[in-house]
>>> print(open('protein-v4.cif').read())   # mmCIF, C-alpha atoms
data_input
#
loop_
_atom_site.group_PDB
_atom_site.id
_atom_site.type_symbol
_atom_site.label_atom_id
_atom_site.label_comp_id
_atom_site.auth_asym_id
_atom_site.auth_seq_id
_atom_site.Cartn_x
_atom_site.Cartn_y
_atom_site.Cartn_z
ATOM 1 C CA MET A 720 39.558 98.442 141.302
ATOM 2 C CA LYS A 721 39.259 99.240 145.002
ATOM 3 C CA ARG A 722 39.850 96.225 147.171
ATOM 4 C CA ARG A 723 36.866 95.330 149.278
ATOM 5 C CA ILE A 724 37.470 94.760 153.001
ATOM 6 C CA PRO A 725 35.652 91.561 154.111
ATOM 7 C CA GLU A 726 33.145 91.759 156.901
ATOM 8 C CA TYR A 727 34.374 88.510 158.474
ATOM 9 C CA TYR A 728 37.663 86.639 158.723
ATOM 10 C CA THR A 729 37.590 82.880 158.885
ATOM 11 C CA VAL A 730 40.113 81.162 161.153
ATOM 12 C CA TRP A 731 40.747 77.404 160.939
ATOM 13 C CA ILE A 732 41.844 75.820 164.225
ATOM 14 C CA THR A 733 43.275 72.316 163.883
ATOM 15 C CA ARG A 734 44.284 69.831 166.564
ATOM 16 C CA THR A 735 45.988 66.498 166.165
ATOM 17 C CA GLY A 736 43.461 63.700 165.998
ATOM 18 C CA GLN A 737 40.522 66.075 165.995
ATOM 19 C CA ALA A 738 38.392 67.598 163.263
ATOM 20 C CA PRO A 739 39.287 71.181 162.438
ATOM 21 C CA LYS A 740 37.134 73.981 163.799
ATOM 22 C CA VAL A 741 36.147 76.993 161.806
ATOM 23 C CA VAL A 742 35.710 80.327 163.577
ATOM 24 C CA SER A 743 34.408 83.463 161.898
ATOM 25 C CA ILE A 744 35.628 86.742 163.497
ATOM 26 C CA PRO A 745 34.056 90.048 162.492
ATOM 27 C CA ALA A 746 36.609 92.308 160.878
ATOM 28 C CA LYS A 747 35.661 95.221 163.173
ATOM 29 C CA LEU A 748 36.283 93.117 166.270
ATOM 30 C CA LEU A 749 39.607 91.897 164.954
ATOM 31 C CA PHE A 750 40.743 95.419 164.109
ATOM 32 C CA ALA A 751 39.622 96.666 167.549
ATOM 33 C CA GLY A 752 41.548 93.905 169.317
ATOM 34 C CA THR A 753 44.650 94.647 167.279
ATOM 35 C CA ALA A 754 44.380 98.350 168.106
ATOM 36 C CA ILE A 755 43.985 97.556 171.810
ATOM 37 C CA ALA A 756 47.033 95.265 171.713
ATOM 38 C CA VAL A 757 49.127 97.910 169.936
ATOM 39 C CA ALA A 758 47.953 100.564 172.424
ATOM 40 C CA GLY A 759 48.886 98.237 175.287
ATOM 41 C CA ILE A 760 52.345 97.663 173.855
ATOM 42 C CA ILE A 761 52.806 101.426 173.424
ATOM 43 C CA ALA A 762 51.625 102.079 176.997
ATOM 44 C CA ILE A 763 53.943 99.414 178.408
ATOM 45 C CA SER A 764 56.847 100.780 176.383
ATOM 46 C CA SER A 765 56.126 104.340 177.547
ATOM 47 C CA GLY A 766 55.920 103.185 181.150
ATOM 48 C CA THR A 767 59.180 101.293 180.810
ATOM 49 C CA ILE A 768 60.906 104.336 179.331
ATOM 50 C CA ALA A 769 59.555 106.605 182.086
ATOM 51 C CA TRP A 770 60.677 104.117 184.756
ATOM 52 C CA TRP A 771 64.122 103.862 183.183
ATOM 53 C CA GLN A 772 64.446 107.647 182.985
ATOM 54 C CA ALA A 773 63.367 108.043 186.615
ATOM 55 C CA ARG A 774 65.842 105.362 187.681
ATOM 56 C CA GLN A 775 68.609 107.068 185.723
ATOM 57 C CA GLN A 776 67.791 110.416 187.352
ATOM 58 C CA GLN A 777 67.706 108.810 190.799
ATOM 59 C CA GLN A 778 71.010 107.054 190.135
ATOM 60 C CA GLN A 779 72.594 110.295 188.971
ATOM 61 C CA GLN A 780 71.347 112.161 192.058
ATOM 62 C CA LEU A 781 72.659 109.405 194.349
ATOM 63 C CA HIS A 782 76.011 109.547 192.549
ATOM 64 C CA GLN A 783 76.245 113.314 193.026
ATOM 65 C CA GLU A 784 75.316 113.027 196.694
ATOM 66 C CA ALA A 785 77.997 110.360 197.156
ATOM 67 C CA GLN A 786 80.575 112.661 195.579
ATOM 68 C CA ILE A 787 79.504 115.584 197.805
ATOM 69 C CA LEU A 788 79.687 113.361 200.896
ATOM 70 C CA LEU A 789 83.168 112.155 200.013
ATOM 71 C CA GLU A 790 84.365 115.704 199.331
ATOM 72 C CA ALA A 791 82.985 116.785 202.726
ATOM 73 C CA LEU A 792 84.866 113.929 204.386
ATOM 74 C CA GLU A 793 88.028 115.007 202.583
ATOM 75 C CA GLY A 794 87.505 118.487 204.031
ATOM 76 C CA MET A 795 87.146 116.900 207.462
ATOM 77 C CA GLU A 796 90.347 114.985 206.845
ATOM 78 C CA SER A 797 92.179 118.228 206.061
ATOM 79 C CA GLU A 798 90.851 119.803 209.257
ATOM 80 C CA LEU A 799 91.826 116.689 211.199
ATOM 81 C CA ASP A 800 95.317 116.936 209.725
ATOM 82 C CA ARG A 801 95.511 120.571 210.901
ATOM 83 C CA LEU A 802 94.475 119.484 214.412
ATOM 84 C CA ARG A 803 97.025 116.684 214.231
ATOM 85 C CA GLU A 804 99.775 119.207 213.549
ATOM 86 C CA ARG A 805 98.385 121.500 216.245
ATOM 87 C CA SER A 806 98.650 118.599 218.691
ATOM 88 C CA GLY A 807 102.255 117.898 217.792
ATOM 89 C CA LEU A 808 101.460 114.700 215.910
ATOM 90 C CA GLU A 809 102.973 113.823 212.577
ATOM 91 C CA SER A 810 100.936 115.121 209.669
ATOM 92 C CA ASN A 811 99.456 112.675 207.200
ATOM 93 C CA ALA A 812 99.976 112.953 203.476
ATOM 94 C CA THR A 813 97.711 115.160 201.383
ATOM 95 C CA PRO A 814 94.285 113.500 201.141
ATOM 96 C CA GLN A 815 93.687 111.669 197.889
ATOM 97 C CA ARG A 816 90.621 112.801 196.016
ATOM 98 C CA HIS A 817 88.200 110.200 194.678
ATOM 99 C CA GLN A 818 86.854 110.945 191.227
ATOM 100 C CA GLY A 819 83.687 109.446 189.856
ATOM 101 C CA GLY A 820 84.013 107.543 186.600
ATOM 102 C CA LYS A 821 82.327 108.330 183.318
ATOM 103 C CA GLY A 822 80.343 105.997 181.143
ATOM 104 C CA GLY A 823 76.983 104.300 180.916
ATOM 105 C CA ARG A 824 74.453 103.308 183.526
ATOM 106 C CA LYS A 825 76.356 100.223 184.690
ATOM 107 C CA GLN A 826 79.564 102.248 185.018
ATOM 108 C CA ARG A 827 77.770 105.036 186.931
ATOM 109 C CA SER A 828 76.119 102.523 189.271
ATOM 110 C CA SER A 829 79.482 100.900 189.944
ATOM 111 C CA ASP A 830 81.081 104.299 190.606
ATOM 112 C CA THR A 831 78.298 105.225 193.038
ATOM 113 C CA ARG A 832 78.742 102.031 195.025
ATOM 114 C CA ARG A 833 82.492 102.621 195.079
ATOM 115 C CA LEU A 834 82.079 106.226 196.281
ATOM 116 C CA LEU A 835 79.667 105.222 199.029
ATOM 117 C CA ALA A 836 81.982 102.433 200.172
ATOM 118 C CA ALA A 837 84.922 104.872 200.179
ATOM 119 C CA ALA A 838 82.876 107.382 202.190
ATOM 120 C CA ARG A 839 81.981 104.744 204.790
ATOM 121 C CA ASP A 840 85.604 103.622 205.093
ATOM 122 C CA LYS A 841 86.890 107.190 205.328
ATOM 123 C CA TYR A 842 84.340 108.121 207.990
ATOM 124 C CA ALA A 843 85.291 105.081 210.073
ATOM 125 C CA THR A 844 89.008 105.859 209.713
ATOM 126 C CA LEU A 845 88.584 109.535 210.637
ATOM 127 C CA SER A 846 86.418 108.694 213.632
ATOM 128 C CA VAL A 847 88.983 106.263 215.034
ATOM 129 C CA GLU A 848 91.866 108.669 214.381
ATOM 130 C CA LEU A 849 90.030 111.550 216.052
ATOM 131 C CA GLU A 850 88.933 109.583 219.113
ATOM 132 C CA GLU A 851 92.065 107.513 219.771
ATOM 133 C CA ASN A 852 94.897 109.837 218.683
ATOM 134 C CA VAL A 853 94.053 113.442 217.918
ATOM 135 C CA GLU A 854 91.664 114.274 220.782
ATOM 136 C CA PRO A 855 93.970 112.988 223.575
ATOM 137 C CA ALA A 856 97.015 114.694 222.026
ATOM 138 C CA LEU A 857 95.111 117.947 221.530
ATOM 139 C CA GLU A 858 93.861 117.901 225.123
ATOM 140 C CA ARG A 859 97.433 117.470 226.355
ATOM 141 C CA THR A 860 98.635 120.315 224.135
ATOM 142 C CA LEU A 861 95.866 122.655 225.274
ATOM 143 C CA ALA A 862 96.515 121.753 228.923
ATOM 144 C CA VAL A 863 100.194 122.634 228.498
ATOM 145 C CA GLU A 864 99.411 125.879 226.697
ATOM 146 C CA SER A 865 96.873 126.937 229.313
ATOM 147 C CA ALA A 866 99.511 126.474 232.024
ATOM 148 C CA LEU A 867 102.241 128.412 230.201
ATOM 149 C CA PRO A 868 102.940 132.057 231.079
ATOM 150 C CA GLN A 869 101.230 134.299 228.540
ATOM 151 C CA GLY A 870 101.147 138.034 228.014
ATOM 152 C CA VAL A 871 102.405 141.101 229.853
ATOM 153 C CA PRO A 872 101.779 141.255 233.629
ATOM 154 C CA LEU A 873 100.560 144.859 233.383
ATOM 155 C CA THR A 874 97.254 146.116 231.991
ATOM 156 C CA THR A 875 98.410 149.702 231.533
ATOM 157 C CA THR A 876 100.368 151.093 228.616
ATOM 158 C CA THR A 877 104.006 150.185 229.047
ATOM 159 C CA HIS A 878 107.263 149.639 227.212
ATOM 160 C CA VAL A 879 110.385 147.571 227.742
ATOM 161 C CA THR A 880 113.237 149.455 229.388
ATOM 162 C CA SER A 881 115.717 146.587 229.590
ATOM 163 C CA GLU A 882 115.873 143.333 227.635
ATOM 164 C CA PHE A 883 116.775 139.779 228.647
ATOM 165 C CA GLY A 884 120.451 138.836 228.392
ATOM 166 C CA VAL A 885 123.824 140.502 228.876
ATOM 167 C CA ARG A 886 123.550 144.230 229.529
ATOM 168 C CA ARG A 887 125.593 147.092 230.970
ATOM 169 C CA ASN A 888 125.405 147.255 234.736
ATOM 170 C CA PRO A 889 123.132 150.237 235.594
ATOM 171 C CA PHE A 890 125.201 150.856 238.738
ATOM 172 C CA GLY A 891 128.672 150.678 237.140
ATOM 173 C CA PHE A 892 130.701 150.136 233.982
ATOM 174 C CA ALA A 893 130.799 146.343 233.965
ATOM 175 C CA TYR A 894 128.382 143.995 232.224
ATOM 176 C CA GLU A 895 125.956 141.570 233.830
ATOM 177 C CA PHE A 896 123.410 138.942 232.898
ATOM 178 C CA HIS A 897 119.820 140.209 233.149
ATOM 179 C CA ASP A 898 117.493 137.250 233.747
ATOM 180 C CA GLY A 899 114.260 138.981 232.730
ATOM 181 C CA ILE A 900 112.615 141.963 231.085
ATOM 182 C CA ASP A 901 112.003 145.331 232.734
ATOM 183 C CA PHE A 902 108.679 147.069 232.067
ATOM 184 C CA ALA A 903 108.169 150.758 232.711
ATOM 185 C CA GLY A 904 105.377 151.522 235.153
ATOM 186 C CA ASP A 905 104.184 154.154 237.578
ATOM 187 C CA TYR A 906 104.557 153.520 241.269
ATOM 188 C CA GLY A 907 101.582 151.469 242.511
ATOM 189 C CA THR A 908 100.560 150.117 239.089
ATOM 190 C CA PRO A 909 98.817 146.707 239.574
ATOM 191 C CA VAL A 910 100.851 143.606 238.645
ATOM 192 C CA TYR A 911 99.058 140.418 237.584
ATOM 193 C CA ALA A 912 100.048 136.744 237.326
ATOM 194 C CA THR A 913 100.545 135.547 233.761
ATOM 195 C CA ALA A 914 99.630 131.886 234.373
ATOM 196 C CA PRO A 915 97.840 129.735 236.949
ATOM 197 C CA GLY A 916 100.024 128.282 239.668
ATOM 198 C CA THR A 917 101.107 128.339 243.300
ATOM 199 C CA VAL A 918 103.013 131.121 245.045
ATOM 200 C CA THR A 919 106.420 129.802 246.180
ATOM 201 C CA ARG A 920 107.985 133.103 247.299
ATOM 202 C CA ALA A 921 106.434 136.341 248.548
ATOM 203 C CA GLY A 922 108.681 138.665 250.485
ATOM 204 C CA TRP A 923 111.992 140.456 250.517
ATOM 205 C CA SER A 924 114.737 139.023 248.303
ATOM 206 C CA ASN A 925 118.437 139.174 249.217
ATOM 207 C CA GLU A 926 119.339 138.834 245.529
ATOM 208 C CA GLY A 927 118.702 142.500 244.740
ATOM 209 C CA TYR A 928 115.082 141.981 243.611
ATOM 210 C CA GLY A 929 113.582 143.816 246.567
ATOM 211 C CA LYS A 930 110.030 142.727 247.256
ATOM 212 C CA LEU A 931 109.523 139.637 245.082
ATOM 213 C CA VAL A 932 106.695 137.262 244.182
ATOM 214 C CA GLU A 933 107.551 133.925 242.556
ATOM 215 C CA ILE A 934 104.885 131.570 241.184
ATOM 216 C CA GLU A 935 105.324 127.906 240.255
ATOM 217 C CA HIS A 936 103.548 126.644 237.109
ATOM 218 C CA PRO A 937 103.614 122.832 236.618
ATOM 219 C CA ILE A 938 103.016 122.188 232.919
ATOM 220 C CA GLY A 939 102.019 118.533 233.056
ATOM 221 C CA ASP A 940 104.648 117.271 230.631
ATOM 222 C CA GLY A 941 107.362 116.934 233.251
ATOM 223 C CA ARG A 942 108.426 120.589 233.093
ATOM 224 C CA THR A 943 107.864 123.250 235.722
ATOM 225 C CA TYR A 944 107.865 126.955 234.917
ATOM 226 C CA TYR A 945 108.390 129.803 237.361
ATOM 227 C CA THR A 946 107.531 133.471 236.925
ATOM 228 C CA ARG A 947 109.070 136.231 239.020
ATOM 229 C CA TYR A 948 107.717 139.718 239.662
ATOM 230 C CA ALA A 949 110.370 141.890 241.309
ATOM 231 C CA HIS A 950 111.060 145.384 242.714
ATOM 232 C CA LEU A 951 107.442 145.527 243.905
ATOM 233 C CA ALA A 952 106.164 148.292 246.148
ATOM 234 C CA ASP A 953 104.093 145.636 247.894
ATOM 235 C CA PHE A 954 102.565 142.209 247.258
ATOM 236 C CA THR A 955 99.030 140.899 247.775
ATOM 237 C CA VAL A 956 99.664 137.131 247.939
ATOM 238 C CA LYS A 957 101.470 134.793 250.323
ATOM 239 C CA VAL A 958 103.374 131.531 249.965
ATOM 240 C CA GLY A 959 101.030 128.637 249.190
ATOM 241 C CA ASP A 960 98.304 130.735 247.565
ATOM 242 C CA ARG A 961 96.760 129.352 244.399
ATOM 243 C CA VAL A 962 96.499 131.998 241.700
ATOM 244 C CA ASP A 963 94.969 132.157 238.256
ATOM 245 C CA ARG A 964 96.042 134.069 235.206
ATOM 246 C CA SER A 965 95.103 137.715 235.935
ATOM 247 C CA THR A 966 95.261 137.347 239.744
ATOM 248 C CA LEU A 967 96.604 140.519 241.341
ATOM 249 C CA VAL A 968 99.967 139.735 242.959
ATOM 250 C CA GLY A 969 101.341 143.196 243.818
ATOM 251 C CA GLN A 970 102.112 146.738 242.685
ATOM 252 C CA VAL A 971 104.966 148.263 240.710
ATOM 253 C CA GLY A 972 107.669 149.754 242.930
ATOM 254 C CA SER A 973 111.394 150.431 243.104
ATOM 255 C CA THR A 974 112.564 148.235 245.966
ATOM 256 C CA GLY A 975 115.878 146.445 245.972
ATOM 257 C CA ARG A 976 118.532 147.089 243.358
ATOM 258 C CA SER A 977 116.500 149.553 241.303
ATOM 259 C CA THR A 978 116.986 153.064 239.933
ATOM 260 C CA ALA A 979 113.314 153.935 239.270
ATOM 261 C CA PRO A 980 109.825 152.413 239.518
ATOM 262 C CA HIS A 981 109.501 149.477 237.097
ATOM 263 C CA LEU A 982 108.574 145.803 237.016
ATOM 264 C CA HIS A 983 111.234 143.154 236.585
ATOM 265 C CA TYR A 984 109.546 140.105 235.036
ATOM 266 C CA ALA A 985 111.418 136.799 234.639
ATOM 267 C CA VAL A 986 110.465 133.330 233.364
ATOM 268 C CA TYR A 987 112.337 130.205 234.440
ATOM 269 C CA VAL A 988 112.082 126.634 233.174
ATOM 270 C CA GLY A 989 113.255 124.679 236.159
ATOM 271 C CA ASP A 990 116.311 126.577 237.373
ATOM 272 C CA ARG A 991 117.137 128.034 233.944
ATOM 273 C CA ALA A 992 116.129 131.570 232.977
ATOM 274 C CA VAL A 993 114.583 131.891 229.498
ATOM 275 C CA ASN A 994 113.702 134.946 227.466
ATOM 276 C CA PRO A 995 110.241 136.183 228.538
ATOM 277 C CA ARG A 996 109.699 137.526 225.010
ATOM 278 C CA ASN A 997 108.950 133.940 223.966
ATOM 279 C CA TYR A 998 105.791 134.195 226.082
ATOM 280 C CA LEU A 999 104.765 137.770 225.268
ATOM 281 C CA ASP A 1000 103.011 139.567 222.444
ATOM 282 C CA LEU A 1001 104.840 142.849 222.233
ATOM 283 C CA ASP A 1002 104.553 143.362 218.460
ATOM 284 C CA SER A 1003 101.046 144.810 218.411
ATOM 285 C CA VAL A 1004 100.075 146.266 221.792
ATOM 286 C CA SER A 1005 102.451 146.440 224.737
ATOM 287 C CA PRO A 1006 100.036 145.662 227.596
ATOM 288 C CA ILE A 1007 97.690 142.693 227.768
ATOM 289 C CA ALA A 1008 94.456 143.510 225.973
ATOM 290 C CA SER A 1009 92.519 141.190 228.253
ATOM 291 C CA LEU A 1010 93.549 138.811 230.981
ATOM 292 C CA GLU A 1011 91.546 135.578 230.958
#
>>> encode(input="protein-v4.cif", output="structure tokens")
Amino acid sequence: MKRRIPEYYTVWITRTGQAPKVVSIPAKLLFAGTAIAVAGIIAISSGTIAWWQARQQQQQQLHQEAQILLEALEGMESELDRLRERSGLESNATPQRHQGGKGGRKQRSSDTRRLLAAARDKYATLSVELEENVEPALERTLAVESALPQGVPLTTTTHVTSEFGVRRNPFGFAYEFHDGIDFAGDYGTPVYATAPGTVTRAGWSNEGYGKLVEIEHPIGDGRTYYTRYAHLADFTVKVGDRVDRSTLVGQVGSTGRSTAPHLHYAVYVGDRAVNPRNYLDLDSVSPIASLE
């Protein structure tokens, strides 16, 4: 027999010390209310799930961005380490990479906070290191390098005819110390300064150099360099002149103790002659490509 669904449901409501109350609720109304309640629960559950999924996605995106930021800072740290070496400072150890953890939402949230905190600390450390140590040291290094003699003092194609050091005397059979490098050059070829400085000599030399120009180059670290341009046909500067790198100082000649037109170029640190090859680039192109 098919069970008959009642039209009404009777609900007894009792209270202590009071007579019970009887309430009749239509079955349709009761069913409708139950359906509404179930639909509400489903809607709330769906909204909660959607919120949780959105929060998870946001947390994951924030975690990835924190990792990218930290990796970028590690790249900056590597570049800072390269500048530190370039400045003559002691290099730091290889940067330690920070890896994000794996696990659930709580673990991921903890990892994200840790990555962000590490990024903030690393940024602060790099900023202080750059401002207080690396930048001043790099400025000093660049100032020294800009004052050092650089390049060949001729802009025309040339080659070395005599090296620095002990050589056979071109006027006899004995040996002598040659304090510079000789560059081949046609008579009248322009000769240029290889570093900024002040002219300390410009005239005839009694040391066999003929017409000579000498330029003083204070480096700023307590050292003073001197460059000499000898056997000139003539010179275009005088004692006390300030010159820059690429300033015309004279022309190639064959004055003094010379057998043919050429330029004798010497570099001194204080009163000690050093090999000019340490300040030249003769491996690729002999003359200076551009004088700046």
>>> residues_around(input="protein-v4.cif", residues="Thr908 in chain A", least_positions_apart="5", cutoff="12 Å", atoms="all atoms listed in the file", output="MDAnalysis selection string")
chainID A and resid 872:877 902:903 951:954 967:973 980:982
>>> atom_distance(input="protein-v4.cif", atom1="CA of Ser806 in chain A", atom2="CA of Leu849 in chain A")
11.4 Å
>>> resolve_selection(input="protein-v4.cif", expression="the PyMOL selection byres ((chain A and resi 925-935) around 7)", output="CSV table (one decimal) with C-alpha atoms, in the coordinates of the input")
chain,number,residue,atom,x,y,z
A,916,GLY,CA,100.0,128.3,239.7
A,917,THR,CA,101.1,128.3,243.3
A,918,VAL,CA,103.0,131.1,245.0
A,919,THR,CA,106.4,129.8,246.2
A,920,ARG,CA,108.0,133.1,247.3
A,921,ALA,CA,106.4,136.3,248.5
A,922,GLY,CA,108.7,138.7,250.5
A,923,TRP,CA,112.0,140.5,250.5
A,924,SER,CA,114.7,139.0,248.3
A,936,HIS,CA,103.5,126.6,237.1
A,937,PRO,CA,103.6,122.8,236.6
A,943,THR,CA,107.9,123.2,235.7
A,944,TYR,CA,107.9,127.0,234.9
A,945,TYR,CA,108.4,129.8,237.4
A,946,THR,CA,107.5,133.5,236.9
A,947,ARG,CA,109.1,136.2,239.0
A,948,TYR,CA,107.7,139.7,239.7
A,949,ALA,CA,110.4,141.9,241.3
A,950,HIS,CA,111.1,145.4,242.7
A,951,LEU,CA,107.4,145.5,243.9
A,952,ALA,CA,106.2,148.3,246.1
A,953,ASP,CA,104.1,145.6,247.9
A,974,THR,CA,112.6,148.2,246.0
A,975,GLY,CA,115.9,146.4,246.0
A,976,ARG,CA,118.5,147.1,243.4
>>> atom_distance(input="protein-v4.cif", atom1="CA of Ala912 in chain A", atom2="CA of Ser965 in chain A")
5.2 Å
>>> residues_around(input="protein-v4.cif", residues="range 896-898 of chain A", least_positions_apart="3", cutoff="8 Å", atoms="all atoms listed in the file", output="mmCIF file with C-alpha atoms, keeping the file's coordinate frame")
data_model
loop_
_atom_site.group_PDB
_atom_site.id
_atom_site.type_symbol
_atom_site.label_atom_id
_atom_site.label_comp_id
_atom_site.auth_asym_id
_atom_site.auth_seq_id
_atom_site.Cartn_x
_atom_site.Cartn_y
_atom_site.Cartn_z
ATOM 1 C CA GLU A 882 115.873 143.333 227.635
ATOM 2 C CA PHE A 883 116.775 139.779 228.647
ATOM 3 C CA GLY A 884 120.451 138.836 228.392
ATOM 4 C CA VAL A 885 123.824 140.502 228.876
ATOM 5 C CA ARG A 886 123.550 144.230 229.529
ATOM 6 C CA ALA A 985 111.418 136.799 234.639
ATOM 7 C CA ALA A 992 116.129 131.570 232.977
ATOM 8 C CA VAL A 993 114.583 131.891 229.498
ATOM 9 C CA ASN A 994 113.702 134.946 227.466
#
>>> atom_distance(input="protein-v4.cif", atom1="CA of Asp940 in chain A", atom2="CA of Ser797 in chain A")
27.6 Å
>>> closest_residue(input="protein-v4.cif", among="A:Glu793, A:Gln779, A:Thr913, A:Ser977", to="Phe890 in chain A", atoms="all atoms listed in the file")
A:Ser977
>>> closest_residue(input="protein-v4.cif", among="A:Asp830, A:Glu798, A:Asp963, A:Glu895", to="Leu781 in chain A", atoms="all atoms listed in the file")
A:Asp830
>>> closest_residue(input="protein-v4.cif", among="A:Ala866, A:Tyr984, A:Leu857, A:Glu848", to="Val910 in chain A", atoms="all atoms listed in the file")
A:Tyr984
>>> closest_residue(input="protein-v4.cif", among="A:Tyr998, A:Ala837, A:Gln783, A:Thr860", to="Glu804 in chain A", atoms="only C-alpha atoms")
A:Thr860
>>> residues_around(input="protein-v4.cif", residues="Lys841 in chain A", least_positions_apart="6", cutoff="10 Å", atoms="all atoms listed in the file", output="list in words")
Leu789, Leu792, Glu793, Met795, Glu796, Leu835 and Val847 of chain A
>>> residues_near_point(input="protein-v4.cif", point="(97.3, 123.2, 217.2)", cutoff="12 Å", atoms="all atoms listed in the file", output="PyMOL selection string")
chain A and resi 798-810+853-854+856-864
